[in-house]
$ cat run_15.cif   # mmCIF, C-alpha atoms
data_coords
#
loop_
_atom_site.label_atom_id
_atom_site.label_comp_id
_atom_site.auth_asym_id
_atom_site.auth_seq_id
_atom_site.Cartn_x
_atom_site.Cartn_y
_atom_site.Cartn_z
CA MET E 1 112.53 -168.50 -70.43
CA VAL E 2 109.96 -170.75 -68.77
CA GLN E 3 106.31 -170.46 -69.67
CA VAL E 4 103.95 -169.95 -66.75
CA SER E 5 100.87 -172.10 -67.04
CA THR E 6 97.79 -170.14 -66.08
CA PRO E 7 94.11 -170.94 -66.56
CA THR E 8 92.39 -169.26 -69.45
CA THR E 9 90.36 -166.31 -68.22
CA HIS E 10 87.52 -164.71 -70.18
CA LEU E 11 86.89 -161.04 -69.54
CA HIS E 12 84.53 -159.05 -71.72
CA ALA E 13 84.73 -161.91 -74.23
CA HIS E 14 88.52 -161.51 -74.45
CA THR E 15 91.07 -164.20 -73.63
CA GLU E 16 93.97 -163.04 -71.50
CA PRO E 17 97.34 -164.23 -72.83
CA THR E 18 99.80 -166.44 -70.99
CA VAL E 19 102.93 -164.90 -69.49
CA ARG E 20 106.42 -166.40 -69.35
CA ARG E 21 109.12 -166.35 -66.71
CA ILE E 22 112.20 -164.46 -67.85
CA GLY E 23 115.64 -163.74 -66.40
CA THR E 24 117.63 -160.58 -65.78
CA GLU E 25 119.55 -161.28 -68.98
CA ASP E 26 116.31 -160.68 -70.87
CA VAL E 27 116.13 -157.17 -69.40
CA TRP E 28 119.61 -156.31 -70.66
CA SER E 29 118.84 -157.96 -73.99
CA SER E 30 115.70 -155.82 -74.36
CA LEU E 31 117.71 -152.66 -73.66
CA SER E 32 120.29 -153.67 -76.24
CA GLN E 33 117.59 -154.31 -78.83
CA GLY E 34 115.97 -151.00 -77.94
CA TRP E 35 119.24 -149.17 -78.51
CA ARG E 36 119.74 -150.86 -81.89
CA ASP E 37 116.20 -149.94 -82.93
CA PHE E 38 116.81 -146.34 -81.93
CA LEU E 39 119.97 -146.20 -84.04
CA GLU E 40 118.01 -147.48 -87.02
CA VAL E 41 115.39 -144.69 -86.89
CA PRO E 42 116.78 -141.90 -84.68
CA THR E 43 115.23 -138.91 -86.49
CA GLN E 44 111.67 -140.11 -86.25
CA LEU E 45 112.01 -141.15 -82.63
CA PHE E 46 113.62 -137.85 -81.68
CA PHE E 47 110.62 -136.05 -83.17
CA LEU E 48 108.26 -138.10 -81.02
CA ALA E 49 110.30 -138.08 -77.82
CA ILE E 50 110.83 -134.31 -77.83
CA ILE E 51 107.18 -133.98 -76.80
CA TYR E 52 108.00 -135.56 -73.44
CA PRO E 53 110.65 -133.06 -72.25
CA VAL E 54 108.69 -130.09 -73.60
CA VAL E 55 105.60 -131.06 -71.63
CA GLY E 56 107.72 -131.78 -68.57
CA LEU E 57 109.28 -128.33 -68.75
CA ALA E 58 105.87 -126.73 -69.19
CA LEU E 59 104.59 -128.48 -66.09
CA GLY E 60 107.61 -127.36 -64.11
CA PHE E 61 107.39 -123.74 -65.16
CA THR E 62 103.64 -123.70 -64.53
CA ALA E 63 104.19 -124.94 -61.01
CA ALA E 64 106.90 -122.34 -60.41
CA GLY E 65 104.71 -119.57 -61.79
CA GLU E 66 101.97 -120.44 -59.33
CA ASN E 67 104.44 -120.54 -56.46
CA LEU E 68 104.18 -124.29 -56.10
CA LEU E 69 107.90 -124.93 -55.98
CA SER E 70 107.30 -127.80 -53.59
CA LEU E 71 105.78 -129.75 -56.52
CA ILE E 72 108.73 -129.37 -58.89
CA TRP E 73 110.35 -132.65 -57.91
CA PRO E 74 107.05 -134.60 -57.63
CA LEU E 75 106.08 -133.30 -61.08
CA THR E 76 109.41 -134.36 -62.55
CA ALA E 77 109.41 -137.78 -60.89
CA GLY E 78 105.69 -138.42 -61.21
CA PHE E 79 105.51 -137.48 -64.87
CA ALA E 80 107.36 -140.73 -65.52
CA LEU E 81 104.11 -142.47 -64.56
CA LEU E 82 102.72 -141.22 -67.87
CA GLY E 83 105.75 -142.44 -69.82
CA PRO E 84 104.05 -145.55 -71.26
CA ILE E 85 101.44 -143.31 -72.90
CA ALA E 86 104.11 -140.90 -74.17
CA ALA E 87 105.89 -143.88 -75.77
CA LEU E 88 102.76 -145.25 -77.46
CA GLY E 89 103.86 -144.22 -80.96
CA ILE E 90 107.29 -145.73 -80.38
CA TYR E 91 105.74 -149.10 -79.56
CA GLU E 92 103.90 -148.96 -82.87
CA MET E 93 107.09 -148.20 -84.75
CA SER E 94 108.83 -151.11 -83.01
CA ARG E 95 105.97 -153.39 -83.99
CA ARG E 96 106.27 -152.38 -87.63
CA ARG E 97 110.05 -152.78 -87.65
CA GLU E 98 109.63 -156.26 -86.20
CA ARG E 99 107.47 -157.15 -89.19
CA GLY E 100 110.16 -155.93 -91.56
CA SER E 101 108.23 -152.85 -92.69
CA THR E 102 109.89 -149.59 -93.65
CA VAL E 103 109.21 -147.21 -90.78
CA HIS E 104 108.43 -143.50 -90.98
CA TRP E 105 107.59 -141.25 -88.05
CA THR E 106 104.06 -140.82 -89.36
CA ASP E 107 103.50 -144.54 -88.74
CA ALA E 108 103.29 -143.68 -85.06
CA LEU E 109 99.94 -142.04 -85.74
CA ALA E 110 98.55 -145.43 -86.76
CA VAL E 111 97.94 -146.16 -83.08
CA PHE E 112 94.81 -144.03 -83.30
CA ARG E 113 93.41 -146.52 -85.79
CA SER E 114 94.22 -149.49 -83.57
CA ALA E 115 91.32 -151.75 -82.63
CA GLY E 116 92.44 -151.48 -79.02
CA ILE E 117 92.61 -147.67 -78.85
CA GLY E 118 89.62 -147.51 -76.50
CA SER E 119 91.25 -149.94 -74.09
CA ILE E 120 94.57 -148.06 -74.39
CA ILE E 121 92.77 -144.86 -73.39
CA GLY E 122 91.39 -146.77 -70.41
CA VAL E 123 94.90 -147.73 -69.26
CA GLY E 124 96.00 -144.15 -69.86
CA LEU E 125 93.23 -142.87 -67.59
CA VAL E 126 94.36 -145.25 -64.85
CA LEU E 127 97.91 -143.89 -65.15
CA LEU E 128 96.60 -140.32 -65.12
CA VAL E 129 94.69 -141.00 -61.90
CA LEU E 130 97.88 -142.43 -60.38
CA PHE E 131 99.79 -139.33 -61.46
CA LEU E 132 97.26 -136.94 -59.91
CA ALA E 133 97.07 -139.05 -56.74
CA TRP E 134 100.87 -138.91 -56.47
CA LEU E 135 100.86 -135.12 -56.76
CA ALA E 136 98.19 -134.86 -54.07
CA ALA E 137 100.12 -137.21 -51.80
CA ALA E 138 103.37 -135.32 -52.38
CA GLN E 139 101.73 -132.00 -51.53
CA TRP E 140 100.20 -133.45 -48.37
CA ILE E 141 103.56 -134.91 -47.30
CA PHE E 142 105.25 -131.53 -47.86
CA GLN E 143 102.66 -129.68 -45.80
CA THR E 144 102.76 -132.17 -42.91
CA THR E 145 106.57 -132.28 -42.73
CA ILE E 146 107.86 -128.87 -43.88
CA GLY E 147 104.73 -126.81 -43.31
CA PRO E 148 101.91 -125.17 -45.28
CA ASP E 149 103.94 -122.14 -46.44
CA GLN E 150 105.37 -122.40 -49.94
CA PRO E 151 109.08 -121.51 -50.38
CA ALA E 152 109.63 -118.18 -52.11
CA SER E 153 112.63 -119.36 -54.16
CA PHE E 154 114.61 -122.42 -55.18
CA GLY E 155 117.25 -121.41 -52.65
CA GLU E 156 114.76 -121.46 -49.82
CA LEU E 157 113.34 -124.78 -51.03
CA TRP E 158 116.83 -126.28 -51.10
CA GLN E 159 117.59 -125.01 -47.60
CA ARG E 160 114.35 -126.34 -46.10
CA VAL E 161 114.61 -129.75 -47.76
CA PHE E 162 118.31 -130.53 -47.39
CA HIS E 163 119.31 -128.67 -44.25
CA THR E 164 116.50 -129.24 -41.76
CA PRO E 165 115.22 -132.30 -39.82
CA GLU E 166 111.81 -131.69 -41.41
CA GLY E 167 113.41 -131.94 -44.82
CA THR E 168 114.98 -135.28 -43.92
CA ARG E 169 111.57 -136.63 -42.91
CA LEU E 170 110.11 -135.24 -46.14
CA MET E 171 112.67 -137.07 -48.28
CA LEU E 172 112.24 -140.33 -46.37
CA VAL E 173 108.43 -140.39 -46.45
CA GLY E 174 108.24 -138.88 -49.93
CA ASN E 175 110.65 -141.36 -51.50
CA LEU E 176 108.93 -144.34 -49.87
CA THR E 177 105.55 -143.09 -51.08
CA GLY E 178 106.92 -142.42 -54.55
CA PHE E 179 108.35 -145.94 -54.64
CA ALA E 180 104.92 -147.37 -53.84
CA PHE E 181 103.32 -145.38 -56.66
CA ALA E 182 106.09 -146.48 -59.04
CA VAL E 183 105.50 -150.15 -58.22
CA VAL E 184 101.78 -149.79 -58.92
CA ALA E 185 102.41 -147.92 -62.18
CA LEU E 186 104.96 -150.51 -63.32
CA SER E 187 102.57 -153.34 -62.56
CA VAL E 188 99.74 -151.66 -64.45
CA SER E 189 101.64 -150.64 -67.56
CA VAL E 190 104.78 -152.69 -68.15
CA VAL E 191 103.18 -154.82 -70.87
CA SER E 192 99.54 -153.69 -71.00
CA ILE E 193 99.83 -151.01 -73.70
CA PRO E 194 102.10 -152.96 -76.08
CA LEU E 195 99.70 -155.88 -75.66
CA LEU E 196 96.70 -153.73 -76.61
CA LEU E 197 98.42 -152.62 -79.80
CA GLU E 198 98.34 -156.23 -80.96
CA ARG E 199 95.14 -157.59 -79.47
CA ASP E 200 92.32 -155.90 -77.66
CA VAL E 201 91.91 -157.94 -74.51
CA GLY E 202 90.18 -155.03 -72.80
CA THR E 203 91.55 -152.49 -70.32
CA VAL E 204 91.08 -154.76 -67.30
CA GLY E 205 92.42 -157.80 -69.14
CA ALA E 206 95.55 -155.94 -70.22
CA ILE E 207 96.20 -154.63 -66.70
CA ARG E 208 95.65 -158.10 -65.23
CA THR E 209 98.13 -159.55 -67.72
CA SER E 210 100.66 -156.86 -66.82
CA VAL E 211 100.26 -157.55 -63.10
CA ARG E 212 100.63 -161.29 -63.70
CA ALA E 213 103.83 -160.61 -65.66
CA VAL E 214 105.27 -158.69 -62.70
CA VAL E 215 104.20 -161.34 -60.17
CA ALA E 216 105.76 -164.09 -62.29
CA ASN E 217 109.01 -162.15 -62.73
CA PRO E 218 109.66 -160.10 -59.57
CA VAL E 219 113.44 -159.88 -59.87
CA PRO E 220 113.66 -159.04 -63.61
CA MET E 221 110.79 -156.54 -63.28
CA ALA E 222 112.43 -154.92 -60.25
CA LEU E 223 115.62 -154.59 -62.29
CA TRP E 224 113.64 -153.14 -65.18
CA GLY E 225 112.00 -150.58 -62.89
CA LEU E 226 115.37 -149.52 -61.48
CA VAL E 227 116.86 -149.19 -64.97
CA VAL E 228 113.91 -147.10 -66.15
CA ALA E 229 114.10 -144.84 -63.09
CA ALA E 230 117.87 -144.38 -63.44
CA LEU E 231 117.71 -143.58 -67.16
CA LEU E 232 114.80 -141.17 -66.72
CA LEU E 233 116.72 -139.40 -63.96
CA LEU E 234 119.83 -139.12 -66.12
CA GLY E 235 117.72 -137.98 -69.07
CA SER E 236 116.18 -135.23 -66.96
CA ILE E 237 119.57 -133.63 -66.35
CA PRO E 238 119.92 -131.01 -67.56
CA LEU E 239 116.48 -129.61 -68.36
CA PHE E 240 115.03 -132.91 -69.61
CA VAL E 241 117.04 -132.75 -72.84
CA GLY E 242 118.38 -136.29 -72.49
CA LEU E 243 114.85 -137.68 -72.52
CA ALA E 244 114.85 -137.15 -76.29
CA VAL E 245 117.16 -140.18 -76.42
CA VAL E 246 116.12 -142.03 -73.26
CA MET E 247 112.41 -142.15 -74.06
CA PRO E 248 112.65 -143.76 -77.51
CA VAL E 249 115.27 -146.24 -76.31
CA LEU E 250 113.06 -147.25 -73.39
CA GLY E 251 110.03 -147.36 -75.66
CA HIS E 252 111.73 -149.76 -78.04
CA ALA E 253 113.12 -151.80 -75.16
CA THR E 254 109.67 -152.04 -73.57
CA TRP E 255 108.31 -153.54 -76.78
CA HIS E 256 111.05 -156.19 -76.81
CA LEU E 257 110.51 -156.92 -73.11
CA TYR E 258 106.80 -157.38 -73.82
CA ARG E 259 107.69 -159.87 -76.56
CA LYS E 260 109.80 -161.88 -74.14
CA VAL E 261 107.18 -161.91 -71.38
CA VAL E 262 103.84 -162.36 -73.15
CA VAL E 263 103.10 -165.44 -75.26
#
$ encode --input "run_15.cif" --output "structure tokens"
Amino acid sequence: MVQVSTPTTHLHAHTEPTVRRIGTEDVWSSLSQGWRDFLEVPTQLFFLAIIYPVVGLALGFTAAGENLLSLIWPLTAGFALLGPIAALGIYEMSRRRERGSTVHWTDALAVFRSAGIGSIIGVGLVLLVLFLAWLAAAQWIFQTTIGPDQPASFGELWQRVFHTPEGTRLMLVGNLTGFAFAVVALSVSVVSIPLLLERDVGTVGAIRTSVRAVVANPVPMALWGLVVAALLLLGSIPLFVGLAVVMPVLGHATWHLYRKVVV
């Protein structure tokens, strides 16, 4: 890993940390470390991660109940934008394990006593805005390609999306737009929240550091984004149950990736 020399920047009296250049092997190493951490404390992490699929299911059923079937996939895909906040407690547990402390699931609640909790909330609000903007964009794309009428059933939705020229345009434009949102979310959050658990450099400072980490490591970060997307997709099938394992593993791995990237 090669350290990237950057000028010291002061923002709200905080010093932004230096970022390093890493390789793709560091991504796989982080995943391996995340898996080992999960095996060490699976019960506690399962308890935390179960919140993620439950909320995802609730969002999906709410959308279906209001006859917004067109938002089922955007809700499922876009909810991953909030993943870094859902994994906040897991980062804290990883941090404690790194220090050699005995970890209990209640330790995850210590994040609320963190000096950087205000800045963490700020990053969370940015991710929430991205999530809502993605839903609005997805709905607009659906209406301009398929039409304003909502499908009456999953069968009709499937037919209109996968068996019509309008559906093909919807998937093309929708996936490209979703990719753009994913890149922004990754840049904002890949190291910002773990960083704020250790040192409060401010919301803007943490986001700037995260963006600099992505700019300094485009290939490893692109690989990381693809791995996260693939695992979240696999974890969502069937009925989000696999996220109870995927989320804690990714949470642990994110912490180790942060350690490799940020000085």
$ resolve_selection --input "run_15.cif" --expression "the PyMOL selection byres ((chain E and resi 144-155) around 12)" --output "PyMOL selection string"
chain E and resi 63-73+137-143+156-174
$ write_last_selection --input "run_15.cif" --atoms "C-alpha atoms" --output "tab-separated table (two decimals), in the frame of the given file"
chain	number	residue	atom	x	y	z
E	63	ALA	CA	104.19	-124.94	-61.01
E	64	ALA	CA	106.90	-122.34	-60.41
E	65	GLY	CA	104.71	-119.57	-61.79
E	66	GLU	CA	101.97	-120.44	-59.33
E	67	ASN	CA	104.44	-120.54	-56.46
E	68	LEU	CA	104.18	-124.29	-56.10
E	69	LEU	CA	107.90	-124.93	-55.98
E	70	SER	CA	107.30	-127.80	-53.59
E	71	LEU	CA	105.78	-129.75	-56.52
E	72	ILE	CA	108.73	-129.37	-58.89
E	73	TRP	CA	110.35	-132.65	-57.91
E	137	ALA	CA	100.12	-137.21	-51.80
E	138	ALA	CA	103.37	-135.32	-52.38
E	139	GLN	CA	101.73	-132.00	-51.53
E	140	TRP	CA	100.20	-133.45	-48.37
E	141	ILE	CA	103.56	-134.91	-47.30
E	142	PHE	CA	105.25	-131.53	-47.86
E	143	GLN	CA	102.66	-129.68	-45.80
E	156	GLU	CA	114.76	-121.46	-49.82
E	157	LEU	CA	113.34	-124.78	-51.03
E	158	TRP	CA	116.83	-126.28	-51.10
E	159	GLN	CA	117.59	-125.01	-47.60
E	160	ARG	CA	114.35	-126.34	-46.10
E	161	VAL	CA	114.61	-129.75	-47.76
E	162	PHE	CA	118.31	-130.53	-47.39
E	163	HIS	CA	119.31	-128.67	-44.25
E	164	THR	CA	116.50	-129.24	-41.76
E	165	PRO	CA	115.22	-132.30	-39.82
E	166	GLU	CA	111.81	-131.69	-41.41
E	167	GLY	CA	113.41	-131.94	-44.82
E	168	THR	CA	114.98	-135.28	-43.92
E	169	ARG	CA	111.57	-136.63	-42.91
E	170	LEU	CA	110.11	-135.24	-46.14
E	171	MET	CA	112.67	-137.07	-48.28
E	172	LEU	CA	112.24	-140.33	-46.37
E	173	VAL	CA	108.43	-140.39	-46.45
E	174	GLY	CA	108.24	-138.88	-49.93
$ residues_around --input "run_15.cif" --residues "segment 196-204 of chain E" --least-positions-apart "2" --cutoff "12 Å" --atoms "all atoms listed in the file" --output "PyMOL selection string"
chain E and resi 9-17+85+88-96+108+110-127+188-194+206-211+255+258-259+262-263
$ closest_residue --input "run_15.cif" --among "E:Ala222, E:Gly251, E:Gly78, E:Ala230" --to "Thr24 of chain E" --atoms "only C-alpha atoms"
E:Ala222
$ axis_aligned_box --input "run_15.cif" --around "segment 104-123 of chain E" --padding-each-side "5 Å" --output "JSON"
{"center_x": 99.0, "center_y": -146.3, "center_z": -80.1, "size_x": 28.8, "size_y": 20.9, "size_z": 31.7}
$ atom_distance --input "run_15.cif" --atom1 "atom CA of Ile22 of chain E" --atom2 "atom CA of Leu128 of chain E"
28.9 Å
$ closest_residue --input "run_15.cif" --among "E:Thr18, E:Asn175, E:Gln33, E:Ser101" --to "Val261 of chain E" --atoms "only C-alpha atoms"
E:Thr18
$ atom_distance --input "run_15.cif" --atom1 "atom CA of Gly225 of chain E" --atom2 "atom CA of Ala182 of chain E"
8.2 Å
$ resolve_selection --input "run_15.cif" --expression "the PyMOL selection byres ((chain E and resi 36) around 12)" --output "PyMOL selection string"
chain E and resi 29-35+37-42+94+97+248-250+252-253+256
$ resolve_selection --input "run_15.cif" --expression "the PyMOL selection byres ((chain E and resi 217) around 9)" --output "VMD selection string"
chain E and resid 20 to 23 212 to 216 218 to 222 261
$ atom_distance --input "run_15.cif" --atom1 "atom CA of Leu231 of chain E" --atom2 "atom CA of Met247 of chain E"
8.8 Å
$ closest_residue --input "run_15.cif" --among "E:Leu233, E:Val241, E:Val227, E:Leu75" --to "Ala136 of chain E" --atoms "all atoms listed in the file"
E:Leu75
